[in-house]
Amino acid sequence: MVQARCEHCNREFGSEESLNQHNNAKHPTHEKPKNRLTNKQKRSIRNWSIFIILFIVTVGGIASLVINSKNSLSAISQGPYADMSFQKVCIKTGGMWMKMQPTQNYVPTGQPACYGCMQRNGDHICDKNRYLKTLPA
């Protein structure tokens, strides 16, 4: 009294309705998409995306710092003291030109004595650009 047979597994059923229920449960017609990502693949993509974003932000920050430091140095070299010698800048800004060992925060830096500018705060600076950076804006 077999009325229906499953084409996939050759199982026999007493009615067409039973066969349909069996097919829906055991042999669904819609297949799972084969290109779905696993959780491991999703985590890997997320981690690489975060890494790439952080890398880009870091490189951008470093580039910005380099560009800004070059701009500040060019502003110093193009300022009102650009055409003056270090000695003239020192005297004009109230410093004393002399040969002495460089100091920073009143402490000798350990570098050899040089001609430079003794500031009012007691530091002796031997480099014009460094000295210009210490001047009030």
# chains A, B, ... in the order shown; residues from 1 in each chain; ligands from 1

call {"tool": "residues_around", "arguments": {"residues": "range 17-19 of chain A", "least_positions_apart": "6", "cutoff": "12 Å", "atoms": "only C-alpha atoms", "output": "PyMOL selection string"}}
result
chain A and resi 2-11+25-27

call {"tool": "select_by_dssp", "arguments": {"residues": "range 7-130 of chain A", "states": "alpha helix (DSSP H)", "output": "PyMOL selection string"}}
result
chain A and resi 16-26+39-77+86-92+128-130

call {"tool": "write_last_selection", "arguments": {"atoms": "C-alpha atoms", "output": "short mmCIF file (atom, residue, chain, number, x, y, z; two decimals), in the first residue's frame"}}
result
data_model
loop_
_atom_site.label_atom_id
_atom_site.label_comp_id
_atom_site.auth_asym_id
_atom_site.auth_seq_id
_atom_site.Cartn_x
_atom_site.Cartn_y
_atom_site.Cartn_z
CA GLU A 16 1.82 12.05 -0.60
CA GLU A 17 1.43 14.33 2.43
CA SER A 18 3.81 12.15 4.47
CA LEU A 19 6.35 12.26 1.64
CA ASN A 20 6.10 16.07 1.50
CA GLN A 21 6.65 16.37 5.26
CA HIS A 22 9.64 14.02 5.00
CA ASN A 23 11.16 15.99 2.10
CA ASN A 24 10.67 19.30 3.90
CA ALA A 25 12.38 17.96 7.04
CA LYS A 26 15.12 15.78 5.57
CA ASN A 39 32.97 33.26 12.59
CA LYS A 40 36.73 32.73 12.45
CA GLN A 41 36.91 34.41 9.05
CA LYS A 42 34.75 37.31 10.26
CA ARG A 43 37.03 37.83 13.29
CA SER A 44 40.09 37.72 11.06
CA ILE A 45 38.63 40.35 8.72
CA ARG A 46 37.67 42.53 11.69
CA ASN A 47 41.14 42.24 13.25
CA TRP A 48 42.92 43.07 9.99
CA SER A 49 40.59 46.02 9.41
CA ILE A 50 41.38 47.41 12.87
CA PHE A 51 45.10 46.90 12.27
CA ILE A 52 44.99 48.68 8.91
CA ILE A 53 43.02 51.62 10.35
CA LEU A 54 45.43 51.98 13.28
CA PHE A 55 48.40 51.77 10.91
CA ILE A 56 46.97 54.49 8.66
CA VAL A 57 46.20 56.74 11.65
CA THR A 58 49.72 56.23 13.06
CA VAL A 59 51.44 56.95 9.74
CA GLY A 60 49.21 59.99 9.22
CA GLY A 61 50.05 61.29 12.70
CA ILE A 62 53.76 60.88 12.15
CA ALA A 63 53.55 62.58 8.75
CA SER A 64 51.61 65.45 10.31
CA LEU A 65 54.24 65.89 13.03
CA VAL A 66 57.04 65.90 10.46
CA ILE A 67 55.26 68.44 8.27
CA ASN A 68 54.44 70.68 11.24
CA SER A 69 58.01 70.59 12.53
CA LYS A 70 59.34 71.52 9.08
CA ASN A 71 56.83 74.38 8.92
CA SER A 72 57.88 75.69 12.33
CA LEU A 73 61.56 75.54 11.33
CA SER A 74 60.84 77.38 8.10
CA ALA A 75 58.85 79.99 10.05
CA ILE A 76 61.89 80.51 12.31
CA SER A 77 64.24 80.83 9.35
CA PHE A 86 73.16 84.43 15.74
CA GLN A 87 75.37 86.92 17.60
CA LYS A 88 73.26 89.91 16.47
CA VAL A 89 70.02 88.09 17.35
CA CYS A 90 71.40 87.31 20.81
CA ILE A 91 72.36 90.91 21.54
CA LYS A 92 69.12 92.35 20.05
CA LYS A 128 70.39 79.86 16.57
CA ASN A 129 67.26 77.86 15.73
CA ARG A 130 67.08 76.38 19.23
#

call {"tool": "residues_around", "arguments": {"residues": "Gln101 in chain A", "least_positions_apart": "3", "cutoff": "7 Å", "atoms": "only C-alpha atoms", "output": "list of chain:residue names"}}
result
A:Pro108, A:Gln111, A:Pro112, A:Ala113, A:Cys114

call {"tool": "residues_around", "arguments": {"residues": "Val107 in chain A", "least_positions_apart": "6", "cutoff": "10 Å", "atoms": "only C-alpha atoms", "output": "JSON, numbers by chain"}}
result
{"A": [101, 122, 123, 124]}

call {"tool": "write_last_selection", "arguments": {"atoms": "N, CA and C atoms", "output": "PDB file, in the first residue's frame"}}
result
ATOM      1  N   GLN A 101      80.316  76.638  28.063  1.00  0.00           N
ATOM      2  CA  GLN A 101      79.750  75.299  27.889  1.00  0.00           C
ATOM      3  C   GLN A 101      78.224  75.432  27.889  1.00  0.00           C
ATOM      4  N   GLY A 122      69.549  82.042  32.526  1.00  0.00           N
ATOM      5  CA  GLY A 122      70.770  81.353  32.925  1.00  0.00           C
ATOM      6  C   GLY A 122      71.226  80.259  32.000  1.00  0.00           C
ATOM      7  N   ASP A 123      70.487  79.965  30.937  1.00  0.00           N
ATOM      8  CA  ASP A 123      70.902  78.911  30.007  1.00  0.00           C
ATOM      9  C   ASP A 123      71.756  79.494  28.893  1.00  0.00           C
ATOM     10  N   HIS A 124      72.772  78.739  28.490  1.00  0.00           N
ATOM     11  CA  HIS A 124      73.657  79.112  27.393  1.00  0.00           C
ATOM     12  C   HIS A 124      73.324  78.205  26.215  1.00  0.00           C
TER      13      HIS A 124
END

call {"tool": "atom_distance", "arguments": {"atom1": "CA of Pro80 in chain A", "atom2": "CA of Met98 in chain A"}}
result
22.5 Å

call {"tool": "select_by_dssp", "arguments": {"residues": "range 18-122 of chain A", "states": "strand (DSSP E)", "output": "PDB file with N, CA and C atoms, in the first residue's frame"}}
result
ATOM      1  N   MET A  96      73.421  87.643  26.217  1.00  0.00           N
ATOM      2  CA  MET A  96      74.847  88.005  26.226  1.00  0.00           C
ATOM      3  C   MET A  96      75.608  86.982  25.392  1.00  0.00           C
ATOM      4  N   TRP A  97      76.357  87.460  24.397  1.00  0.00           N
ATOM      5  CA  TRP A  97      77.136  86.595  23.512  1.00  0.00           C
ATOM      6  C   TRP A  97      78.452  86.254  24.196  1.00  0.00           C
ATOM      7  N   MET A  98      78.750  84.998  24.324  1.00  0.00           N
ATOM      8  CA  MET A  98      79.991  84.586  24.973  1.00  0.00           C
ATOM      9  C   MET A  98      80.323  83.145  24.628  1.00  0.00           C
ATOM     10  N   LYS A  99      81.543  82.764  24.961  1.00  0.00           N
ATOM     11  CA  LYS A  99      81.956  81.366  24.797  1.00  0.00           C
ATOM     12  C   LYS A  99      81.825  80.698  26.146  1.00  0.00           C
ATOM     13  N   MET A 100      81.084  79.593  26.142  1.00  0.00           N
ATOM     14  CA  MET A 100      80.791  78.908  27.396  1.00  0.00           C
ATOM     15  C   MET A 100      80.282  77.506  27.076  1.00  0.00           C
ATOM     16  N   THR A 103      74.323  74.982  28.607  1.00  0.00           N
ATOM     17  CA  THR A 103      73.556  74.542  29.777  1.00  0.00           C
ATOM     18  C   THR A 103      72.086  74.474  29.412  1.00  0.00           C
ATOM     19  N   GLN A 104      71.377  73.672  30.167  1.00  0.00           N
ATOM     20  CA  GLN A 104      69.931  73.593  30.026  1.00  0.00           C
ATOM     21  C   GLN A 104      69.363  73.463  31.424  1.00  0.00           C
ATOM     22  N   VAL A 107      71.954  73.518  34.135  1.00  0.00           N
ATOM     23  CA  VAL A 107      72.823  72.350  34.275  1.00  0.00           C
ATOM     24  C   VAL A 107      73.659  72.192  33.011  1.00  0.00           C
ATOM     25  N   PRO A 108      74.989  72.057  33.135  1.00  0.00           N
ATOM     26  CA  PRO A 108      75.829  71.839  31.947  1.00  0.00           C
ATOM     27  C   PRO A 108      75.386  70.581  31.198  1.00  0.00           C
ATOM     28  N   CYS A 114      81.253  76.598  23.484  1.00  0.00           N
ATOM     29  CA  CYS A 114      80.970  77.145  22.162  1.00  0.00           C
ATOM     30  C   CYS A 114      80.570  78.607  22.310  1.00  0.00           C
ATOM     31  N   TYR A 115      80.627  79.335  21.203  1.00  0.00           N
ATOM     32  CA  TYR A 115      80.072  80.682  21.207  1.00  0.00           C
ATOM     33  C   TYR A 115      78.565  80.551  21.103  1.00  0.00           C
ATOM     34  N   GLY A 116      77.867  81.264  21.963  1.00  0.00           N
ATOM     35  CA  GLY A 116      76.422  81.196  21.954  1.00  0.00           C
ATOM     36  C   GLY A 116      75.839  82.298  22.794  1.00  0.00           C
ATOM     37  N   CYS A 117      74.572  82.201  23.058  1.00  0.00           N
ATOM     38  CA  CYS A 117      73.839  83.249  23.748  1.00  0.00           C
ATOM     39  C   CYS A 117      73.475  82.798  25.157  1.00  0.00           C
ATOM     40  N   MET A 118      73.868  83.611  26.121  1.00  0.00           N
ATOM     41  CA  MET A 118      73.503  83.386  27.515  1.00  0.00           C
ATOM     42  C   MET A 118      72.165  84.081  27.741  1.00  0.00           C
TER      43      MET A 118
END
